[in-house]
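One file, work-v5.cif, is given below (mmCIF, C-alpha atoms and all ligand atoms).
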```cif
data_my_file
#
loop_
_atom_site.label_atom_id
_atom_site.label_comp_id
_atom_site.auth_asym_id
_atom_site.auth_seq_id
_atom_site.Cartn_x
_atom_site.Cartn_y
_atom_site.Cartn_z
CA MET A 1 0.00 0.00 0.00
CA ALA A 2 1.30 3.47 -0.87
CA PHE A 3 2.69 5.74 1.85
CA ARG A 4 0.01 8.41 2.33
CA ILE A 5 1.04 12.06 2.76
CA ALA A 6 -1.19 15.00 3.73
CA ALA A 7 0.09 18.58 3.61
CA GLN A 8 -1.77 21.51 5.17
CA TRP A 9 -0.77 25.16 5.22
CA LEU A 10 -1.65 27.35 8.19
CA HIS A 11 -0.25 30.91 8.62
CA SER A 12 1.95 30.33 5.60
CA CYS A 13 3.17 32.16 2.50
CA ALA A 14 3.22 28.94 0.40
CA GLY A 15 7.02 29.11 0.15
CA CYS A 16 7.31 25.84 2.08
CA GLU A 17 4.92 24.14 -0.35
CA MET A 18 6.97 25.53 -3.23
CA ALA A 19 10.04 23.99 -1.58
CA ILE A 20 8.29 20.59 -1.68
CA LEU A 21 7.72 21.09 -5.40
CA ASP A 22 11.33 22.25 -5.74
CA THR A 23 12.45 18.70 -5.05
CA GLY A 24 11.85 18.58 -8.80
CA SER A 25 12.10 15.40 -10.79
CA ARG A 26 12.89 13.48 -7.58
CA LEU A 27 9.35 14.24 -6.44
CA LEU A 28 8.05 12.58 -9.59
CA SER A 29 10.03 9.41 -8.88
CA LEU A 30 8.93 9.56 -5.24
CA LEU A 31 5.31 9.67 -6.39
CA ASP A 32 5.68 6.03 -7.48
CA GLY A 33 5.71 5.01 -3.81
CA ILE A 34 3.58 7.67 -2.14
CA GLU A 35 0.04 8.91 -2.42
CA LEU A 36 -0.52 12.62 -1.93
CA VAL A 37 -3.95 12.48 -0.31
CA HIS A 38 -4.28 16.13 0.71
CA MET A 39 -2.48 19.31 -0.32
CA PRO A 40 -4.59 22.43 -0.89
CA LEU A 41 -1.90 24.02 -3.09
CA LEU A 42 -2.10 21.12 -5.56
CA VAL A 43 -5.20 19.05 -4.89
CA ASP A 44 -8.66 20.61 -4.80
CA ASN A 45 -10.58 18.11 -2.67
CA LYS A 46 -13.07 20.47 -0.97
CA TYR A 47 -11.87 19.45 2.45
CA HIS A 48 -13.17 22.50 4.27
CA ALA A 49 -16.66 23.82 3.44
CA PRO A 50 -17.12 27.46 4.46
CA ASP A 51 -20.37 26.66 6.25
CA ARG A 52 -18.78 23.88 8.35
CA PRO A 53 -16.51 24.41 11.36
CA PRO A 54 -12.78 23.83 10.65
CA GLU A 55 -12.61 20.96 13.13
CA GLU A 56 -14.83 19.03 10.71
CA ALA A 57 -12.31 19.49 7.89
CA ASP A 58 -12.32 16.39 5.74
CA ILE A 59 -8.60 15.61 5.88
CA PRO A 60 -8.00 11.99 4.83
CA PRO A 61 -5.99 9.72 7.17
CA ALA A 62 -2.29 9.75 6.32
CA ASP A 63 0.95 8.09 7.38
CA LEU A 64 2.74 11.45 7.26
CA GLY A 65 1.39 14.97 7.74
CA LEU A 66 3.27 18.14 6.81
CA VAL A 67 2.08 21.40 8.36
CA SER A 68 3.60 24.70 7.26
CA GLY A 69 3.08 28.11 8.83
CA GLY A 70 2.47 29.13 12.38
CA VAL A 71 -0.87 29.32 14.16
CA ALA A 72 -2.46 32.77 14.27
CA ASN A 73 -6.21 32.17 14.38
CA ARG A 74 -8.88 29.73 15.51
CA GLU A 75 -9.33 28.19 12.07
CA GLN A 76 -5.62 27.42 11.72
CA LEU A 77 -5.59 25.92 15.20
CA GLU A 78 -8.49 23.60 14.39
CA LEU A 79 -6.92 22.56 11.08
CA LEU A 80 -3.69 21.79 12.94
CA GLN A 81 -5.57 19.71 15.48
CA ALA A 82 -7.38 17.87 12.65
CA MET A 83 -3.98 17.12 11.05
CA ARG A 84 -2.71 15.77 14.36
CA ARG A 85 -5.73 13.49 14.64
CA ARG A 86 -5.49 12.23 11.05
CA CYS A 87 -1.73 11.81 10.61
CA SER A 88 0.37 9.11 12.27
CA PHE A 89 3.57 11.17 12.06
CA LEU A 90 3.40 14.98 11.97
CA VAL A 91 6.19 17.22 10.70
CA GLY A 92 6.32 20.99 11.26
CA LEU A 93 7.68 22.20 7.92
CA GLY A 94 9.57 25.48 7.77
CA THR A 95 10.57 28.16 10.23
CA CYS A 96 7.05 29.60 10.64
CA ALA A 97 5.82 26.19 11.85
CA SER A 98 8.94 25.56 13.95
CA HIS A 99 9.54 29.00 15.48
CA GLY A 100 6.77 31.39 14.33
CA GLY A 101 8.78 32.84 11.45
CA ILE A 102 8.29 36.34 10.06
CA PRO A 103 4.53 36.43 10.93
CA ALA A 104 5.38 36.08 14.63
CA MET A 105 7.04 39.51 14.53
CA ILE A 106 3.54 40.83 15.17
CA ASN A 107 3.87 39.34 18.67
CA SER A 108 5.86 42.50 19.47
CA TRP A 109 2.64 44.53 19.45
CA PRO A 110 -0.63 44.22 21.38
CA LEU A 111 -3.16 42.18 19.40
CA ALA A 112 -5.63 45.08 19.08
CA GLU A 113 -2.91 47.30 17.60
CA GLY A 114 -1.91 44.64 15.07
CA LEU A 115 -5.52 44.05 14.02
CA ALA A 116 -6.20 47.76 13.66
CA ALA A 117 -3.09 48.26 11.52
CA THR A 118 -4.03 45.29 9.31
CA TYR A 119 -7.77 45.63 8.94
CA GLU A 120 -8.92 49.09 10.01
CA ASN A 121 -6.38 51.83 9.46
CA ILE A 122 -5.85 50.93 5.82
CA GLU A 123 -5.65 53.43 3.00
CA SER A 124 -7.21 51.29 0.28
CA GLY A 125 -9.99 48.75 0.10
CA THR A 126 -12.78 48.17 2.57
CA PRO A 127 -12.16 46.78 6.05
CA PRO A 128 -13.64 43.28 6.38
CA ALA A 129 -17.06 43.02 8.00
CA ALA A 130 -17.13 41.91 11.63
CA GLY A 131 -17.09 38.11 11.87
CA SER A 132 -15.87 37.61 8.28
CA ILE A 133 -12.32 36.70 9.29
CA PRO A 134 -11.40 33.81 11.60
CA ALA A 135 -11.08 34.75 15.26
CA PRO A 136 -7.43 35.66 15.95
CA LEU A 137 -5.49 34.00 18.76
CA ASP A 138 -3.77 36.23 21.29
CA ARG A 139 -0.47 35.83 19.42
CA VAL A 140 1.21 33.77 16.68
CA TYR A 141 2.25 30.31 17.91
CA ALA A 142 4.67 27.69 16.63
CA VAL A 143 2.88 24.39 15.93
CA ASP A 144 4.56 22.53 18.80
CA GLU A 145 3.04 25.00 21.24
CA LYS A 146 -0.40 23.65 20.30
CA VAL A 147 -0.05 19.94 19.44
CA ASN A 148 2.59 17.22 19.72
CA ILE A 149 4.93 17.34 16.75
CA ASP A 150 7.12 14.40 15.77
CA LEU A 151 9.73 16.34 13.79
CA LEU A 152 10.53 19.97 13.05
CA LEU A 153 12.19 20.84 9.77
CA PRO A 154 12.99 24.58 9.86
CA GLY A 155 14.14 26.81 7.04
CA CYS A 156 12.53 29.75 5.27
CA PRO A 157 11.92 27.91 3.10
CA PRO A 158 13.42 24.55 4.11
CA ASP A 159 16.03 23.08 1.82
CA PRO A 160 14.34 20.85 -0.84
CA GLU A 161 17.20 18.37 -0.40
CA GLN A 162 16.28 17.93 3.27
CA ILE A 163 12.58 17.65 2.45
CA HIS A 164 13.39 14.89 -0.01
CA GLN A 165 15.55 13.10 2.56
CA VAL A 166 12.79 13.30 5.19
CA LEU A 167 10.14 12.03 2.78
CA THR A 168 12.24 9.12 1.54
CA THR A 169 13.47 8.01 4.97
CA LEU A 170 10.01 8.18 6.55
CA ALA A 171 8.44 6.41 3.57
CA ALA A 172 11.08 3.70 4.04
CA GLY A 173 10.00 3.29 7.67
CA THR A 174 13.06 4.90 9.28
CA ARG A 175 13.56 8.21 11.03
CA PRO A 176 15.67 10.91 9.35
CA PRO A 177 19.00 11.65 11.06
CA ALA A 178 18.86 14.51 13.58
CA ARG A 179 20.41 17.72 12.33
CA THR A 180 22.95 19.38 14.54
CA GLY A 181 25.31 22.33 14.40
CA SER A 182 25.11 25.95 13.36
CA VAL A 183 25.56 27.91 10.15
CA CYS A 184 29.07 28.78 11.37
CA ASP A 185 29.90 25.08 11.68
CA ARG A 186 29.39 24.80 7.92
CA CYS A 187 30.98 28.12 6.93
CA PRO A 188 34.36 28.10 5.17
CA THR A 189 35.29 31.77 5.73
CA ARG A 190 38.62 32.75 7.29
CA ARG A 191 38.37 33.30 11.05
CA HIS A 192 40.67 34.77 13.63
CA SER A 193 38.73 35.56 16.81
CA MET A 194 37.89 39.21 17.37
CA ALA A 195 36.09 41.84 15.34
CA ASP A 196 38.24 44.61 13.93
CA ARG A 197 35.96 47.33 15.37
CA PRO A 198 33.52 47.62 18.33
CA GLN A 199 30.48 48.94 16.45
CA VAL A 200 28.09 46.43 14.90
CA ARG A 201 27.45 47.22 11.23
CA ARG A 202 24.05 46.63 9.68
CA PHE A 203 23.21 43.71 7.40
CA VAL A 204 22.93 46.01 4.41
CA GLU A 205 26.48 47.34 4.63
CA ALA A 206 28.86 45.81 2.15
CA ALA A 207 31.29 43.14 3.24
CA ALA A 208 34.95 43.23 2.25
CA PHE A 209 35.81 40.40 -0.14
CA ASP A 210 37.59 39.74 -3.39
CA PRO A 211 34.98 38.70 -5.99
CA ASP A 212 37.64 36.81 -7.93
CA ARG A 213 38.50 34.57 -4.98
CA PRO A 214 36.46 31.76 -3.41
CA VAL A 215 34.27 32.34 -0.36
CA ALA A 216 36.87 30.51 1.75
CA ALA A 217 39.21 33.47 1.20
CA MET A 218 36.70 35.96 2.62
CA PRO A 219 37.25 37.06 6.24
CA CYS A 220 34.38 36.06 8.57
CA LEU A 221 31.58 38.62 8.26
CA LEU A 222 31.06 38.84 12.02
CA GLU A 223 34.73 39.63 12.46
CA GLN A 224 34.19 42.37 9.87
CA GLY A 225 31.67 43.84 12.30
CA LEU A 226 28.59 42.76 10.34
CA LEU A 227 25.63 41.30 12.21
CA CYS A 228 25.97 37.73 10.96
CA MET A 229 23.62 35.41 12.87
CA GLY A 230 25.51 32.27 11.81
CA PRO A 231 26.75 31.35 15.33
CA VAL A 232 23.20 31.14 16.74
CA THR A 233 21.35 29.77 13.71
CA ALA A 234 20.72 26.12 12.87
CA GLY A 235 22.71 24.93 9.87
CA GLY A 236 21.31 23.15 6.86
CA CYS A 237 21.15 25.73 4.07
CA GLU A 238 24.45 24.92 2.38
CA HIS A 239 24.84 25.22 -1.36
CA HIS A 240 28.11 24.65 -3.21
CA GLY A 241 30.11 24.29 0.00
CA ALA A 242 28.89 27.34 1.94
CA PRO A 243 25.75 28.48 3.78
CA ALA A 244 23.45 30.09 1.21
CA CYS A 245 23.83 33.74 2.23
CA ILE A 246 27.52 33.47 3.05
CA GLY A 247 28.08 32.03 -0.44
CA ALA A 248 26.42 35.21 -1.73
CA ARG A 249 28.81 37.25 0.50
CA ALA A 250 25.93 38.42 2.71
CA PRO A 251 25.47 37.88 6.47
CA CYS A 252 23.17 35.17 7.80
CA ARG A 253 19.89 36.67 8.99
CA GLY A 254 18.95 33.63 11.05
CA CYS A 255 16.20 32.11 8.91
CA TYR A 256 16.65 28.51 10.12
CA GLY A 257 15.89 29.59 13.68
CA PRO A 258 17.90 28.78 16.80
CA VAL A 259 20.48 26.01 16.92
CA ALA A 260 18.87 24.23 19.85
CA GLY A 261 15.12 23.64 20.05
CA GLN A 262 13.50 26.69 21.51
CA GLY A 263 16.69 28.66 22.08
CA ASN A 264 16.64 32.45 22.10
CA GLN A 265 18.64 33.77 19.13
CA MET A 266 18.65 37.35 20.45
CA VAL A 267 20.15 36.53 23.84
CA ALA A 268 22.60 34.04 22.35
CA MET A 269 23.67 36.55 19.70
CA MET A 270 24.31 39.30 22.25
CA ASN A 271 26.66 36.90 24.03
CA ILE A 272 28.41 36.14 20.76
CA LEU A 273 28.78 39.84 19.92
CA ALA A 274 30.31 40.50 23.34
CA SER A 275 32.70 37.57 22.99
CA HIS A 276 33.88 39.00 19.66
CA GLY A 277 34.54 42.43 21.16
CA LEU A 278 31.45 43.96 19.55
CA ASP A 279 29.14 46.31 21.46
CA PHE A 280 25.63 44.79 21.32
CA ARG A 281 24.18 48.17 22.33
CA SER A 282 25.14 49.44 18.88
CA VAL A 283 22.67 47.05 17.21
CA VAL A 284 19.93 49.30 15.83
CA ASP A 285 17.01 46.96 16.66
CA ARG A 286 17.93 44.10 18.97
CA ARG A 287 14.50 42.49 18.82
CA ALA A 288 14.91 42.07 15.06
CA MET A 289 17.35 39.29 15.95
CA LEU A 290 14.17 37.32 16.71
CA ARG A 291 12.64 38.11 13.31
CA PHE A 292 12.41 34.40 12.47
CA ALA A 293 11.85 32.95 15.93
CA GLY A 294 9.45 35.11 17.93
CA ALA A 295 7.02 32.34 18.93
CA HIS A 296 7.33 30.36 22.19
CA GLY A 297 6.71 33.62 24.04
CA LEU A 298 10.05 35.16 22.99
CA LEU A 299 8.63 38.27 21.31
CA ARG A 300 6.13 40.12 23.47
CA PRO A 301 4.62 43.61 23.36
CA VAL A 302 6.80 46.22 24.96
CA LYS A 303 5.10 47.62 28.06
CA PRO A 304 4.45 51.38 27.77
CA LYS A 305 6.94 53.40 29.85
S1 LIG A 401 8.90 29.34 6.65
FE1 LIG A 401 9.24 30.94 5.11
S2 LIG A 401 8.67 29.94 3.20
FE2 LIG A 401 7.74 28.73 4.86
S3 LIG A 401 5.69 29.61 5.18
FE3 LIG A 401 7.07 30.68 6.56
S4 LIG A 401 7.68 32.53 5.43
FE4 LIG A 401 6.85 31.07 3.95
S1 LIG A 402 29.77 34.50 11.68
FE1 LIG A 402 28.98 34.34 9.61
S2 LIG A 402 30.74 34.63 8.25
FE2 LIG A 402 31.52 34.20 10.31
S3 LIG A 402 31.87 31.99 10.36
FE3 LIG A 402 29.80 32.35 11.12
S4 LIG A 402 28.46 32.19 9.36
FE4 LIG A 402 30.55 32.44 8.60
S1 LIG A 403 22.74 31.74 5.77
FE1 LIG A 403 21.26 32.10 7.43
S2 LIG A 403 19.69 33.47 6.57
FE2 LIG A 403 20.87 32.60 4.86
S3 LIG A 403 19.70 30.81 4.22
FE3 LIG A 403 21.24 30.09 5.72
S4 LIG A 403 20.19 30.15 7.72
FE4 LIG A 403 18.98 31.37 6.28
#
```

structure tokens encoding of this file:
Amino acid sequence: MAFRIAAQWLHSCAGCEMAILDTGSRLLSLLDGIELVHMPLLVDNKYHAPDRPPEEADIPPADLGLVSGGVANREQLELLQAMRRRCSFLVGLGTCASHGGIPAMINSWPLAEGLAATYENIESGTPPAAGSIPAPLDRVYAVDEKVNIDLLLPGCPPDPEQIHQVLTTLAAGTRPPARTGSVCDRCPTRRHSMADRPQVRRFVEAAAFDPDRPVAAMPCLLEQGLLCMGPVTAGGCEHHGAPACIGARAPCRGCYGPVAGQGNQMVAMMNILASHGLDFRSVVDRRAMLRFAGAHGLLRPVKPK
């Protein structure tokens, strides 16, 4: 019998689903052994009638469930719970599912302020009628804050190579190997130990490198004073021998989330800056270091002074 896979998006931009499709021709060969029983991006199976509550969503039973996106409203929560009930093994796909991702940045503001900015104080269009949007939760949650998750596969989006590995190993009845280590652990740049200046430079400032030489000849971006989140970010985005952004001579912005489980990238990064002789007080917006991982209660509204 074919290995049945269900995929459901929640508070998602569809980039994670595109990453599944980006496994390319390997997905086609994988389709010989799997059955894609549910995936709203690809399969229109009328699983969720607008006049029925989301908990009655007709999601077929599956051996493996993939949920992308965080949980921001009641409907997404009930779809997540339906996926947990229907899927034997549930994977949180992408950084939004694993750590809240970019949408969880709204956790920095009171809910009423976020709703007003999104739906009321808008310059074009008509605000939605009361009751026409799903009831928001008090903040954006990662999926493992709401249901038991068997495996988290972060990345914004996750690497198609890793998605393929997870699908093939689970379909073969084994568990994928645990991923360990940081972006720095996989970075070939030249390192000494200390930054050459105390002020932290912004992501957008240009790094010093010789475009005619390989990335391994480039001095570490953090040691150049740039805010490179590689030390506190989970590895896994390598392409052609270097983490994706480092290969493009740009600092890591932290999109795979913290190295360890629910770690706090902002606190960890301030320690790293200090240990490199950089003044963390010169970072323009410290909370932006949690731009990909603000769920798990890490980003909260600032109390008025
Ligand atoms: S992790 Fe990135 S690609 Fe995936 S849903 Fe979130 S924003 Fe989109
Ligand atoms: S801080 Fe950035 S540039 Fe330096 S080793 Fe780590 S990932 Fe590479
Ligand atoms: S280098 Fe950092 S920001 Fe860039 S893809 Fe890798 S984890 Fe994401």

Closest atom pairs, chain A residues within 12 Å of ligand LIG 401 (chain A), all atoms listed in the file, as a tab-separated table:
```
residue	atom	partner	partner_atom	distance
A:Gln8	CA	A:LIG401	S3	11.0
A:Trp9	CA	A:LIG401	S3	7.8
A:Leu10	CA	A:LIG401	S3	8.2
A:His11	CA	A:LIG401	S3	7.0
A:Ser12	CA	A:LIG401	S3	3.8
A:Cys13	CA	A:LIG401	FE4	4.1
A:Ala14	CA	A:LIG401	S3	5.4
A:Gly15	CA	A:LIG401	S2	3.6
A:Cys16	CA	A:LIG401	FE2	4.0
A:Glu17	CA	A:LIG401	FE2	7.5
A:Met18	CA	A:LIG401	S2	8.0
A:Ala19	CA	A:LIG401	S2	7.8
A:Ile20	CA	A:LIG401	FE2	10.5
A:Leu66	CA	A:LIG401	FE2	11.7
A:Val67	CA	A:LIG401	S3	9.5
A:Ser68	CA	A:LIG401	S3	5.7
A:Gly69	CA	A:LIG401	S3	4.7
A:Gly70	CA	A:LIG401	FE3	7.6
A:Val71	CA	A:LIG401	FE3	11.1
A:Gly92	CA	A:LIG401	S1	9.9
A:Leu93	CA	A:LIG401	FE2	7.2
A:Gly94	CA	A:LIG401	S1	4.1
A:Thr95	CA	A:LIG401	S1	4.1
A:Cys96	CA	A:LIG401	FE3	4.2
A:Ala97	CA	A:LIG401	S1	6.8
A:Ser98	CA	A:LIG401	S1	8.2
A:His99	CA	A:LIG401	S1	8.9
A:Gly100	CA	A:LIG401	FE3	7.8
A:Gly101	CA	A:LIG401	FE3	5.6
A:Ile102	CA	A:LIG401	S4	6.0
A:Pro103	CA	A:LIG401	S4	7.4
A:Ala104	CA	A:LIG401	FE3	9.9
A:Met105	CA	A:LIG401	S4	11.5
A:Ala142	CA	A:LIG401	FE3	10.8
A:Leu152	CA	A:LIG401	S1	11.5
A:Leu153	CA	A:LIG401	S1	9.6
A:Pro154	CA	A:LIG401	S1	7.0
A:Gly155	CA	A:LIG401	S1	5.8
A:Cys156	CA	A:LIG401	FE1	3.5
A:Pro157	CA	A:LIG401	S2	3.8
A:Pro158	CA	A:LIG401	S1	7.1
A:Asp159	CA	A:LIG401	S2	10.2
A:Pro160	CA	A:LIG401	S2	11.4
A:Gly254	CA	A:LIG401	FE1	11.7
A:Cys255	CA	A:LIG401	FE1	8.0
A:Tyr256	CA	A:LIG401	S1	8.5
A:Gly257	CA	A:LIG401	S1	9.9
A:Arg291	CA	A:LIG401	S4	10.9
A:Phe292	CA	A:LIG401	S1	8.5
A:Ala293	CA	A:LIG401	S1	10.4
```

**Prompt:** ligand LIG 403 (chain A): which residues are within 10 Å, counting all atoms listed in the file, as number ranges by chain?
**Reply:** A: 95, 154-159, 182-184, 186-187, 228-239, 242-258, 292

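Residues in contact with Arg202 of chain A at 9 Å, where only C-alpha atoms are counted and same-chain residues fewer than 5 positions away are skipped, are listed as Gly225, Leu226, Leu227, Val283 and Val284 of chain A.
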
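If only C-alpha atoms are the atoms counted, then among A:Gln162, A:Ser132, A:Ser275, A:Ser88 the closest residue to Met194 of chain A is A:Ser275.
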
**Complete:** Taken to one decimal, the atom CA of Gln262 of chain A-atom CA of His296 of chain A distance is 7.2 Å

**Fill in**
The residue from A:Ser124, A:Gln265, A:Thr23, A:Gln81 with the smallest atom-to-atom distance to Gly65 of chain A, counting only C-alpha atoms, is A:Gln81

**Exercise: Met83 of chain A partners within 10 Å, all atoms listed in the file, chain neighbours under 3 positions left out, as a PyMOL selection string** = chain A and resi 6-8+55+57-62+64-67+77-80+86-90+147

Report, as lines of an AutoDock Vina configuration file, the axis-aligned box around all atoms of ligand LIG 402 (chain A) present in the file, extended by 6 Å on each side; give centre and edge lengths in Å to one decimal place.
```
center_x = 30.2
center_y = 33.3
center_z = 10.0
size_x = 15.4
size_y = 14.6
size_z = 15.4
```

**Fill in**
Counting all atoms listed in the file, the residue among A:Val267, A:Leu222, A:Ala260, A:Ala288 that lies closest to ligand LIG 402 (chain A) is A:Leu222

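Going from atom CA of Glu223 of chain A to atom CA of His276 of chain A covers 7.3 Å.
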
**Request:** Using atom CA of Leu273 of chain A and atom CA of Gln199 of chain A as the two end points, give the distance in Å to one decimal.
**Result:** 9.9 Å

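Distances here use all atoms listed in the file; by that measure, the residue among A:Ala208, A:Asp44, A:Gly263, A:His240 closest to ligand LIG 402 (chain A) is A:Ala208.
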
**Prompt:** Which of these, A:Pro219, A:Gly297, A:Gly24, A:Gly125, has the shortest distance to ligand LIG 402 (chain A) once you count all atoms listed in the file?
**Reply:** A:Pro219

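Nearest to Thr168 of chain A of all the residues A:Ala207, A:Val37, A:Leu27, A:Leu21 is A:Leu27, counting all atoms listed in the file.
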